[in-house]
>>> print(open('input-v7.cif').read())   # mmCIF, C-alpha atoms and all ligand atoms
data_structure
loop_
_atom_site.label_atom_id
_atom_site.label_comp_id
_atom_site.auth_asym_id
_atom_site.auth_seq_id
_atom_site.Cartn_x
_atom_site.Cartn_y
_atom_site.Cartn_z
CA MET H 235 55.74 45.80 -38.38
CA LEU H 236 53.37 48.25 -36.64
CA THR H 237 50.03 49.21 -38.22
CA ALA H 238 49.31 52.90 -38.92
CA THR H 239 47.07 53.10 -35.82
CA GLU H 240 49.72 51.48 -33.62
CA THR H 241 52.37 53.90 -34.94
CA LEU H 242 50.08 56.88 -34.26
CA ASP H 243 49.25 55.55 -30.79
CA ALA H 244 52.96 55.02 -30.02
CA ARG H 245 53.68 58.65 -31.00
CA LEU H 246 50.78 59.93 -28.92
CA ILE H 247 51.80 57.83 -25.93
CA GLU H 248 55.32 59.27 -26.15
CA LYS H 249 53.88 62.79 -26.43
CA ALA H 250 51.62 62.15 -23.41
CA ARG H 251 54.62 60.95 -21.35
CA ASN H 252 56.58 64.11 -22.16
CA LEU H 253 53.63 66.41 -21.46
CA LYS H 254 52.92 64.70 -18.13
CA LYS H 255 56.50 65.31 -17.03
CA GLN H 256 56.66 68.87 -18.37
CA LYS H 257 53.33 69.88 -16.77
CA ASN H 258 53.65 67.80 -13.60
CA CYS H 259 50.35 66.10 -14.39
CA LEU H 260 48.67 63.02 -12.96
CA VAL H 261 46.48 61.13 -15.43
CA LEU H 262 43.49 59.19 -14.12
CA ALA H 263 41.37 56.97 -16.37
CA HIS H 264 38.04 55.33 -15.66
CA ASN H 265 37.56 51.57 -16.00
CA TYR H 266 35.34 52.14 -19.08
CA GLN H 267 38.01 54.03 -21.03
CA THR H 268 39.79 52.42 -23.98
CA LEU H 269 42.99 50.47 -23.41
CA ALA H 270 44.92 53.12 -25.39
CA VAL H 271 43.71 55.87 -23.03
CA GLN H 272 44.35 53.67 -19.99
CA SER H 273 47.91 53.14 -21.25
CA ILE H 274 48.82 56.79 -20.49
CA ALA H 275 47.15 56.76 -17.06
CA ASP H 276 48.96 56.68 -13.73
CA TYR H 277 45.87 55.10 -12.22
CA VAL H 278 42.81 53.32 -13.61
CA GLY H 279 39.76 52.91 -11.41
CA ASP H 280 36.18 53.86 -10.66
CA SER H 281 34.94 57.39 -10.06
CA LEU H 282 35.58 57.60 -6.34
CA GLU H 283 38.88 55.70 -6.43
CA MET H 284 40.20 58.14 -9.00
CA ALA H 285 39.18 61.15 -6.90
CA LEU H 286 40.75 59.66 -3.78
CA LYS H 287 43.94 58.84 -5.69
CA ALA H 288 44.12 62.50 -6.66
CA THR H 289 44.16 63.53 -2.97
CA GLU H 290 47.43 61.64 -2.51
CA THR H 291 49.28 63.39 -5.28
CA ARG H 292 51.70 66.32 -5.38
CA HIS H 293 51.05 66.91 -9.08
CA ASP H 294 49.83 70.37 -10.13
CA ILE H 295 47.41 69.17 -12.80
CA ILE H 296 45.01 66.23 -12.86
CA LEU H 297 43.79 65.03 -16.25
CA LEU H 298 40.69 62.93 -15.76
CA CYS H 299 39.85 60.63 -18.66
CA GLY H 300 36.17 59.86 -18.24
CA ILE H 301 33.05 61.97 -17.90
CA ARG H 302 32.25 65.36 -16.36
CA ILE H 303 30.82 64.17 -13.03
CA MET H 304 34.04 62.23 -12.40
CA ALA H 305 36.20 65.28 -13.01
CA GLU H 306 33.89 67.21 -10.68
CA THR H 307 34.33 64.61 -7.94
CA ALA H 308 38.11 64.89 -8.36
CA LYS H 309 37.81 68.69 -8.11
CA LEU H 310 35.61 68.46 -4.99
CA LEU H 311 38.28 66.49 -3.18
CA ASN H 312 41.17 68.49 -4.65
CA PRO H 313 39.94 72.08 -4.91
CA GLU H 314 43.46 73.53 -5.09
CA LYS H 315 44.44 71.45 -8.15
CA LYS H 316 43.84 72.22 -11.79
CA VAL H 317 41.49 69.45 -12.96
CA LEU H 318 41.02 68.88 -16.70
CA LEU H 319 38.31 66.77 -18.32
CA SER H 320 39.60 64.71 -21.26
CA HIS H 321 36.75 65.71 -23.61
CA ALA H 322 34.53 68.80 -23.27
CA GLY H 323 31.44 66.90 -24.43
CA ALA H 324 31.81 63.85 -22.19
CA GLY H 325 28.74 64.10 -19.99
CA CYS H 326 26.42 61.41 -18.71
CA PRO H 327 22.75 61.30 -19.82
CA LEU H 328 21.76 59.70 -16.50
CA SER H 329 23.29 62.56 -14.52
CA GLU H 330 21.50 65.17 -16.63
CA MET H 331 18.07 63.50 -16.88
CA LYS H 332 16.57 65.50 -14.01
CA LYS H 333 17.16 69.00 -12.72
CA LEU H 334 17.47 70.65 -9.34
CA THR H 335 13.88 71.96 -9.71
CA ASP H 336 12.67 68.32 -9.90
CA LEU H 337 14.45 67.57 -6.64
CA LYS H 338 12.98 70.68 -4.99
CA ILE H 339 9.47 69.41 -5.85
CA LEU H 340 10.22 66.11 -4.10
CA GLN H 341 11.79 67.87 -1.13
CA ASN H 342 8.73 70.12 -0.74
CA ARG H 343 6.59 66.99 -0.55
CA HIS H 344 8.99 65.25 1.84
CA PRO H 345 10.71 68.07 3.76
CA GLU H 346 12.27 65.84 6.43
CA ALA H 347 13.65 63.25 4.01
CA GLU H 348 17.30 62.34 3.63
CA VAL H 349 18.42 62.78 0.03
CA VAL H 350 20.80 60.03 -1.08
CA CYS H 351 22.40 61.04 -4.36
CA TYR H 352 24.38 58.69 -6.57
CA VAL H 353 27.74 60.19 -7.50
CA ASN H 354 26.64 60.06 -11.19
CA ALA H 355 24.57 63.23 -10.80
CA THR H 356 25.16 66.89 -11.59
CA ILE H 357 26.96 68.97 -9.02
CA ASP H 358 23.72 70.92 -8.24
CA LEU H 359 21.96 67.72 -7.28
CA ARG H 360 24.86 66.52 -5.19
CA ALA H 361 25.05 69.89 -3.46
CA ALA H 362 21.34 69.66 -2.62
CA SER H 363 21.62 66.12 -1.25
CA THR H 364 22.29 65.10 2.35
CA VAL H 365 24.59 62.22 1.44
CA THR H 366 26.35 60.99 -1.69
CA CYS H 367 26.71 57.29 -2.52
CA THR H 368 28.40 55.11 -5.12
CA SER H 369 27.14 51.97 -6.84
CA GLY H 370 29.42 49.94 -4.57
CA ASN H 371 28.24 51.41 -1.26
CA ILE H 372 24.61 52.54 -1.72
CA CYS H 373 23.21 49.61 0.31
CA ARG H 374 25.56 50.34 3.23
CA ILE H 375 24.68 54.04 3.12
CA ILE H 376 20.92 53.42 3.08
CA ALA H 377 21.21 50.82 5.85
CA ALA H 378 23.14 53.30 8.02
CA LEU H 379 20.43 56.00 7.84
CA ASP H 380 17.84 56.63 10.56
CA LYS H 381 15.03 54.07 10.15
CA GLU H 382 12.40 56.67 11.07
CA ARG H 383 13.27 59.14 8.31
CA GLU H 384 12.03 59.02 4.73
CA ILE H 385 14.69 58.64 2.04
CA ILE H 386 14.69 60.22 -1.39
CA CYS H 387 17.09 58.32 -3.66
CA ILE H 388 18.24 59.97 -6.90
CA PRO H 389 18.83 59.91 -9.84
CA ASP H 390 18.90 56.23 -10.92
CA ARG H 391 15.74 54.17 -10.35
CA ASN H 392 17.56 50.87 -10.97
CA LEU H 393 20.22 51.58 -8.37
CA GLY H 394 17.44 52.70 -6.01
CA ASN H 395 15.37 49.58 -6.67
CA TRP H 396 18.39 47.40 -5.97
CA ALA H 397 19.14 49.22 -2.69
CA ALA H 398 15.46 49.03 -1.63
CA TYR H 399 15.42 45.30 -2.39
CA LYS H 400 18.64 44.64 -0.45
CA THR H 401 17.92 46.86 2.57
CA GLY H 402 14.13 46.46 2.81
CA ARG H 403 13.74 50.26 3.01
CA ASP H 404 11.05 52.17 1.12
CA LEU H 405 12.73 54.72 -1.10
CA ILE H 406 11.21 57.71 -2.85
CA MET H 407 12.65 57.63 -6.35
CA TRP H 408 12.75 59.17 -9.80
CA ASP H 409 12.57 57.29 -13.05
CA GLY H 410 16.13 58.19 -14.11
CA TYR H 411 18.21 55.44 -15.69
CA CYS H 412 21.42 54.71 -17.58
CA SER H 413 20.41 53.59 -21.08
CA VAL H 414 23.59 51.51 -21.44
CA HIS H 415 22.64 49.26 -18.51
CA ASP H 416 18.86 49.62 -18.56
CA GLN H 417 18.55 48.26 -22.13
CA ILE H 418 19.47 44.73 -21.00
CA SER H 419 16.37 42.62 -20.42
CA ALA H 420 15.94 39.65 -18.10
CA ALA H 421 15.07 37.48 -21.16
CA GLU H 422 18.40 38.37 -22.77
CA VAL H 423 20.26 37.54 -19.57
CA LYS H 424 18.52 34.17 -19.28
CA LYS H 425 19.59 33.32 -22.84
CA VAL H 426 23.23 34.20 -22.14
CA ARG H 427 23.15 32.18 -18.91
CA GLU H 428 21.71 29.17 -20.77
CA LYS H 429 24.46 29.46 -23.39
CA PHE H 430 27.22 29.62 -20.74
CA PRO H 431 25.92 27.48 -17.84
CA GLY H 432 29.33 27.20 -16.18
CA HIS H 433 29.89 30.94 -15.98
CA LEU H 434 29.17 33.25 -13.05
CA LEU H 435 27.34 36.47 -13.84
CA ALA H 436 28.41 39.83 -12.40
CA VAL H 437 26.27 42.88 -13.19
CA HIS H 438 26.32 46.55 -12.34
CA PRO H 439 23.33 47.78 -10.27
CA GLU H 440 22.46 50.31 -12.97
CA CYS H 441 20.87 47.24 -14.64
CA SER H 442 17.19 46.63 -13.85
CA LEU H 443 16.21 44.82 -10.65
CA GLU H 444 15.03 41.79 -12.70
CA VAL H 445 18.49 41.53 -14.27
CA CYS H 446 20.25 42.03 -10.91
CA GLN H 447 18.15 39.23 -9.41
CA LEU H 448 19.48 36.85 -12.08
CA ALA H 449 23.12 37.65 -11.26
CA ASP H 450 25.57 35.93 -8.91
CA TYR H 451 27.12 39.24 -7.95
CA VAL H 452 25.83 42.81 -8.21
CA CYS H 453 28.68 45.28 -7.88
CA SER H 454 30.59 48.39 -8.90
CA THR H 455 33.19 48.25 -11.68
CA SER H 456 36.08 47.91 -9.24
CA GLN H 457 34.33 45.13 -7.34
CA MET H 458 33.73 43.42 -10.70
CA ILE H 459 37.45 43.53 -11.46
CA GLU H 460 38.20 41.80 -8.14
CA TYR H 461 35.49 39.23 -8.84
CA ALA H 462 36.95 38.47 -12.27
CA LYS H 463 40.40 38.07 -10.68
CA GLU H 464 39.01 35.50 -8.23
CA HIS H 465 37.01 33.41 -10.73
CA GLN H 466 37.86 31.70 -14.00
CA LYS H 467 34.57 32.01 -15.91
CA VAL H 468 32.65 35.24 -15.58
CA ILE H 469 30.06 37.07 -17.68
CA ILE H 470 30.79 40.79 -17.38
CA GLY H 471 27.56 42.76 -17.09
CA THR H 472 28.53 46.38 -17.51
CA GLU H 473 29.90 48.83 -20.08
CA ILE H 474 31.99 47.00 -22.67
CA GLY H 475 35.17 48.93 -21.80
CA LEU H 476 35.49 46.98 -18.57
CA TYR H 477 35.25 43.66 -20.38
CA ARG H 478 37.97 44.80 -22.83
CA GLN H 479 40.26 45.80 -19.98
CA LEU H 480 39.78 42.47 -18.20
CA ALA H 481 40.12 40.38 -21.38
CA CYS H 482 43.41 42.15 -22.12
CA HIS H 483 44.85 41.78 -18.60
CA TYR H 484 43.61 38.22 -17.96
CA PRO H 485 43.78 36.39 -21.30
CA GLU H 486 43.90 33.03 -19.47
CA LYS H 487 40.38 33.55 -18.09
CA GLU H 488 37.12 32.73 -19.83
CA LEU H 489 35.43 36.10 -19.69
CA ILE H 490 32.37 37.00 -21.74
CA PRO H 491 30.59 40.35 -22.17
CA LEU H 492 26.93 40.18 -21.20
CA SER H 493 26.17 42.22 -24.32
CA THR H 494 28.37 44.03 -26.83
CA ARG H 495 25.58 46.65 -27.04
CA MET H 496 26.61 47.94 -23.62
CA SER H 497 28.73 50.73 -25.04
CA CYS H 498 28.57 54.26 -23.62
CA ALA H 499 28.77 57.01 -26.24
CA ASP H 500 30.01 59.55 -23.68
CA MET H 501 32.74 57.32 -22.29
CA SER H 502 33.84 56.66 -25.90
CA LYS H 503 34.27 60.35 -26.69
CA THR H 504 37.77 60.38 -25.21
CA ASP H 505 40.39 58.82 -27.42
CA LEU H 506 44.13 59.07 -27.02
CA GLU H 507 44.31 62.11 -29.28
CA ALA H 508 41.63 63.99 -27.31
CA ALA H 509 43.38 63.21 -24.03
CA VAL H 510 46.76 64.39 -25.35
CA ASP H 511 45.28 67.56 -26.91
CA THR H 512 43.48 68.37 -23.66
CA LEU H 513 46.68 68.08 -21.70
CA ALA H 514 48.77 69.98 -24.27
CA GLY H 515 46.37 72.95 -24.28
CA GLU H 516 45.28 72.55 -20.64
CA LEU H 517 41.71 72.55 -21.94
CA ASN H 518 38.36 71.81 -20.29
CA GLU H 519 39.29 72.92 -16.81
CA VAL H 520 36.61 71.99 -14.28
CA ASN H 521 35.57 74.66 -11.81
CA ILE H 522 32.84 74.44 -9.20
CA PRO H 523 31.21 77.55 -7.68
CA PRO H 524 32.28 77.91 -3.99
CA LEU H 525 28.83 77.35 -2.47
CA GLN H 526 28.21 74.20 -4.51
CA GLN H 527 31.75 73.05 -3.72
CA GLU H 528 31.10 73.40 0.01
CA LYS H 529 27.70 71.69 -0.05
CA ALA H 530 28.58 68.86 -2.44
CA LEU H 531 31.76 68.17 -0.47
CA ARG H 532 29.75 68.03 2.76
CA SER H 533 27.44 65.44 1.16
CA LEU H 534 30.45 63.41 0.01
CA GLU H 535 32.14 63.63 3.43
CA ARG H 536 28.94 62.40 5.12
CA MET H 537 29.22 59.30 2.93
CA PHE H 538 32.69 58.59 4.38
CA LEU H 539 31.34 59.15 7.92
CA LEU H 540 28.42 56.75 7.42
CA LEU H 541 30.76 54.12 6.00
CA GLU H 542 32.72 54.21 9.26
CA LYS H 543 29.58 53.28 11.28
S1 LIG M 601 27.57 54.10 -18.71
FE1 LIG M 601 25.63 55.08 -18.11
S2 LIG M 601 26.02 56.01 -16.11
FE2 LIG M 601 28.03 55.55 -17.07
S3 LIG M 601 28.58 57.44 -18.15
FE3 LIG M 601 27.53 56.15 -19.63
S4 LIG M 601 25.38 56.81 -19.50
FE4 LIG M 601 26.39 57.60 -17.66
#
>>> encode(input="input-v7.cif", output="structure tokens", more="lines below")
Ligand code: SF4
Amino acid sequence: MLTATETLDARLIEKARNLKKQKNCLVLAHNYQTLAVQSIADYVGDSLEMALKATETRHDIILLCGIRIMAETAKLLNPEKKVLLSHAGAGCPLSEMKKLTDLKILQNRHPEAEVVCYVNATIDLRAASTVTCTSGNICRIIAALDKEREIICIPDRNLGNWAAYKTGRDLIMWDGYCSVHDQISAAEVKKVREKFPGHLLAVHPECSLEVCQLADYVCSTSQMIEYAKEHQKVIIGTEIGLYRQLACHYPEKELIPLSTRMSCADMSKTDLEAAVDTLAGELNEVNIPPLQQEKALRSLERMFLLLEK
């Protein structure tokens, strides 16, 4: 006997399937989305993986279940497609913490500097940067840049601190942070590690440097999934949605969330109903002004070029 929620979900899943077919739509869901939302997705992954997946598709519409900057990345790489964001209010406080004017101040002080911009930033910031990076490749990007040039690294200080620590480069940074990851203290991590001495710890580099230094592996969400596949006992140090996904897919493993407080309000805005309504009404279309499109795409393409070095 199905519960009321399960019955509702089953109806919505059926409706989503029909709408996808009728509208020739590809559904992409981020690793932090709920299992119900992931169940209607054609592909589940991190921000960049989703955008790249969209480049391989012949679908007319892309519904991105996640946050605004992710839908914008999908639009950058697929300008001819109609890209919909699953919930109009799903932003990212980290991406909106600082403005273009703040970057201009830094650039005036350091006119020759490279600007490395994490993909979790507004489209203006990405358009004003010289290269985009992800949490999984920031160290490779920084290491590939000219040693003689200064580097401004925005918007996340924790990601920047981690990259500076790993590459030995001095980075000019802001004090931006993701409150979901930044709230975890080193003391809390030590306690969890003491409680589960046989477990490995994987954390996202949006956590503080002190927390990253206590981890066995510092990685993006997709790298964390691979790590959990390869090991039996892992503490998952990122947004709780990833732990839920892994616990569901690998029930035989001994996985533990680093903290159940690591829940992102913006990622949680999309539920199955919101995703289905968005698709039904073709709501929340993402559009990027042509100049920003050109510049932000150039910054993203430079990332791919540097990764080939
Ligand atoms: S987890 Fe942090 S970086 Fe990711 S969407 Fe939420 S606030 Fe932004």
>>> residues_around(input="input-v7.cif", residues="range 275-289 of chain H", least_positions_apart="4", cutoff="6 Å", atoms="only C-alpha atoms", output="list in words")
Val261, Leu262, Ala263, His264, Asn265, Met304 and Ala308 of chain H
>>> residues_around(input="input-v7.cif", residues="range 357-374 of chain H", least_positions_apart="6", cutoff="6 Å", atoms="all atoms listed in the file", output="PDB file with C-alpha atoms, keeping the file's coordinate frame")
ATOM      1  CA  LEU H 334      17.470  70.650  -9.340  1.00  0.00           C
ATOM      2  CA  GLU H 348      17.300  62.340   3.630  1.00  0.00           C
ATOM      3  CA  VAL H 349      18.420  62.780   0.030  1.00  0.00           C
ATOM      4  CA  VAL H 350      20.800  60.030  -1.080  1.00  0.00           C
ATOM      5  CA  CYS H 351      22.400  61.040  -4.360  1.00  0.00           C
ATOM      6  CA  ALA H 397      19.140  49.220  -2.690  1.00  0.00           C
ATOM      7  CA  CYS H 453      28.680  45.280  -7.880  1.00  0.00           C
ATOM      8  CA  SER H 454      30.590  48.390  -8.900  1.00  0.00           C
ATOM      9  CA  GLN H 526      28.210  74.200  -4.510  1.00  0.00           C
ATOM     10  CA  LYS H 529      27.700  71.690  -0.050  1.00  0.00           C
ATOM     11  CA  ALA H 530      28.580  68.860  -2.440  1.00  0.00           C
ATOM     12  CA  SER H 533      27.440  65.440   1.160  1.00  0.00           C
ATOM     13  CA  LEU H 534      30.450  63.410   0.010  1.00  0.00           C
ATOM     14  CA  ARG H 536      28.940  62.400   5.120  1.00  0.00           C
ATOM     15  CA  MET H 537      29.220  59.300   2.930  1.00  0.00           C
TER      16      MET H 537
END
>>> closest_residue(input="input-v7.cif", among="H:Cys326, H:Leu260, H:Ile375, H:Ala462", to="Ile295 in chain H", atoms="only C-alpha atoms")
H:Leu260
>>> closest_atom_pairs(input="input-v7.cif", of="chain H", to="ligand LIG 601 (chain M)", cutoff="9 Å", atoms="all atoms listed in the file", output="CSV")
residue,atom,partner,partner_atom,distance
H:Tyr266,CA,M:LIG601,S1,8.0
H:Gly300,CA,M:LIG601,S3,8.0
H:Ile301,CA,M:LIG601,S3,6.4
H:Arg302,CA,M:LIG601,S3,8.9
H:Ile303,CA,M:LIG601,S3,8.7
H:Ala324,CA,M:LIG601,S3,8.2
H:Gly325,CA,M:LIG601,S3,6.9
H:Cys326,CA,M:LIG601,FE4,4.0
H:Pro327,CA,M:LIG601,S4,5.2
H:Leu328,CA,M:LIG601,FE4,5.2
H:Ser329,CA,M:LIG601,FE4,6.6
H:Asn354,CA,M:LIG601,S2,6.4
H:Asp390,CA,M:LIG601,S2,8.8
H:Tyr411,CA,M:LIG601,FE1,7.8
H:Cys412,CA,M:LIG601,FE1,4.3
H:Ser413,CA,M:LIG601,S4,6.1
H:Val414,CA,M:LIG601,FE1,5.3
H:His415,CA,M:LIG601,FE1,6.6
H:Asp416,CA,M:LIG601,FE1,8.7
H:Glu440,CA,M:LIG601,S2,7.4
H:Thr472,CA,M:LIG601,S1,7.9
H:Glu473,CA,M:LIG601,S1,5.9
H:Met496,CA,M:LIG601,S1,7.9
H:Ser497,CA,M:LIG601,S1,7.3
H:Cys498,CA,M:LIG601,FE3,4.5
H:Ala499,CA,M:LIG601,FE3,6.8
H:Asp500,CA,M:LIG601,FE3,5.8
H:Met501,CA,M:LIG601,S3,5.9
H:Ser502,CA,M:LIG601,FE3,8.9
>>> closest_residue(input="input-v7.cif", among="H:Leu443, H:Leu540, H:Leu517, H:Leu435", to="Leu298 in chain H", atoms="only C-alpha atoms")
H:Leu517
>>> build_atoms(input="input-v7.cif", residues="range 378-391 of chain H", atoms="N, CA and C atoms", output="JSON list (two decimals), in the frame of the given file")
[["chain", "number", "residue", "atom", "x", "y", "z"],
["H", 378, "ALA", "N", 22.61, 52.54, 6.88],
["H", 378, "ALA", "CA", 23.14, 53.30, 8.02],
["H", 378, "ALA", "C", 22.27, 54.50, 8.39],
["H", 379, "LEU", "N", 21.27, 54.82, 7.56],
["H", 379, "LEU", "CA", 20.43, 56.00, 7.84],
["H", 379, "LEU", "C", 19.33, 55.68, 8.85],
["H", 380, "ASP", "N", 18.90, 56.72, 9.56],
["H", 380, "ASP", "CA", 17.84, 56.63, 10.56],
["H", 380, "ASP", "C", 16.60, 55.93, 9.98],
["H", 381, "LYS", "N", 16.15, 54.89, 10.65],
["H", 381, "LYS", "CA", 15.03, 54.07, 10.15],
["H", 381, "LYS", "C", 13.71, 54.86, 10.13],
["H", 382, "GLU", "N", 13.65, 55.91, 10.95],
["H", 382, "GLU", "CA", 12.40, 56.67, 11.07],
["H", 382, "GLU", "C", 12.26, 57.74, 9.97],
["H", 383, "ARG", "N", 13.35, 58.04, 9.29],
["H", 383, "ARG", "CA", 13.27, 59.14, 8.31],
["H", 383, "ARG", "C", 13.02, 58.61, 6.90],
["H", 384, "GLU", "N", 12.25, 59.38, 6.14],
["H", 384, "GLU", "CA", 12.03, 59.02, 4.73],
["H", 384, "GLU", "C", 13.35, 59.22, 3.97],
["H", 385, "ILE", "N", 13.47, 58.50, 2.86],
["H", 385, "ILE", "CA", 14.69, 58.64, 2.04],
["H", 385, "ILE", "C", 14.31, 58.88, 0.58],
["H", 386, "ILE", "N", 14.81, 59.98, 0.06],
["H", 386, "ILE", "CA", 14.69, 60.22, -1.39],
["H", 386, "ILE", "C", 15.99, 59.69, -2.00],
["H", 387, "CYS", "N", 15.89, 58.91, -3.06],
["H", 387, "CYS", "CA", 17.09, 58.32, -3.66],
["H", 387, "CYS", "C", 17.14, 58.71, -5.14],
["H", 388, "ILE", "N", 18.16, 59.48, -5.53],
["H", 388, "ILE", "CA", 18.24, 59.97, -6.90],
["H", 388, "ILE", "C", 19.62, 59.68, -7.49],
["H", 389, "PRO", "N", 19.84, 59.75, -8.80],
["H", 389, "PRO", "CA", 18.83, 59.91, -9.84],
["H", 389, "PRO", "C", 18.45, 58.60, -10.52],
["H", 390, "ASP", "N", 19.06, 57.47, -10.14],
["H", 390, "ASP", "CA", 18.90, 56.23, -10.92],
["H", 390, "ASP", "C", 17.90, 55.28, -10.26],
["H", 391, "ARG", "N", 16.78, 55.03, -10.93],
["H", 391, "ARG", "CA", 15.74, 54.17, -10.35],
["H", 391, "ARG", "C", 16.24, 52.73, -10.17]]
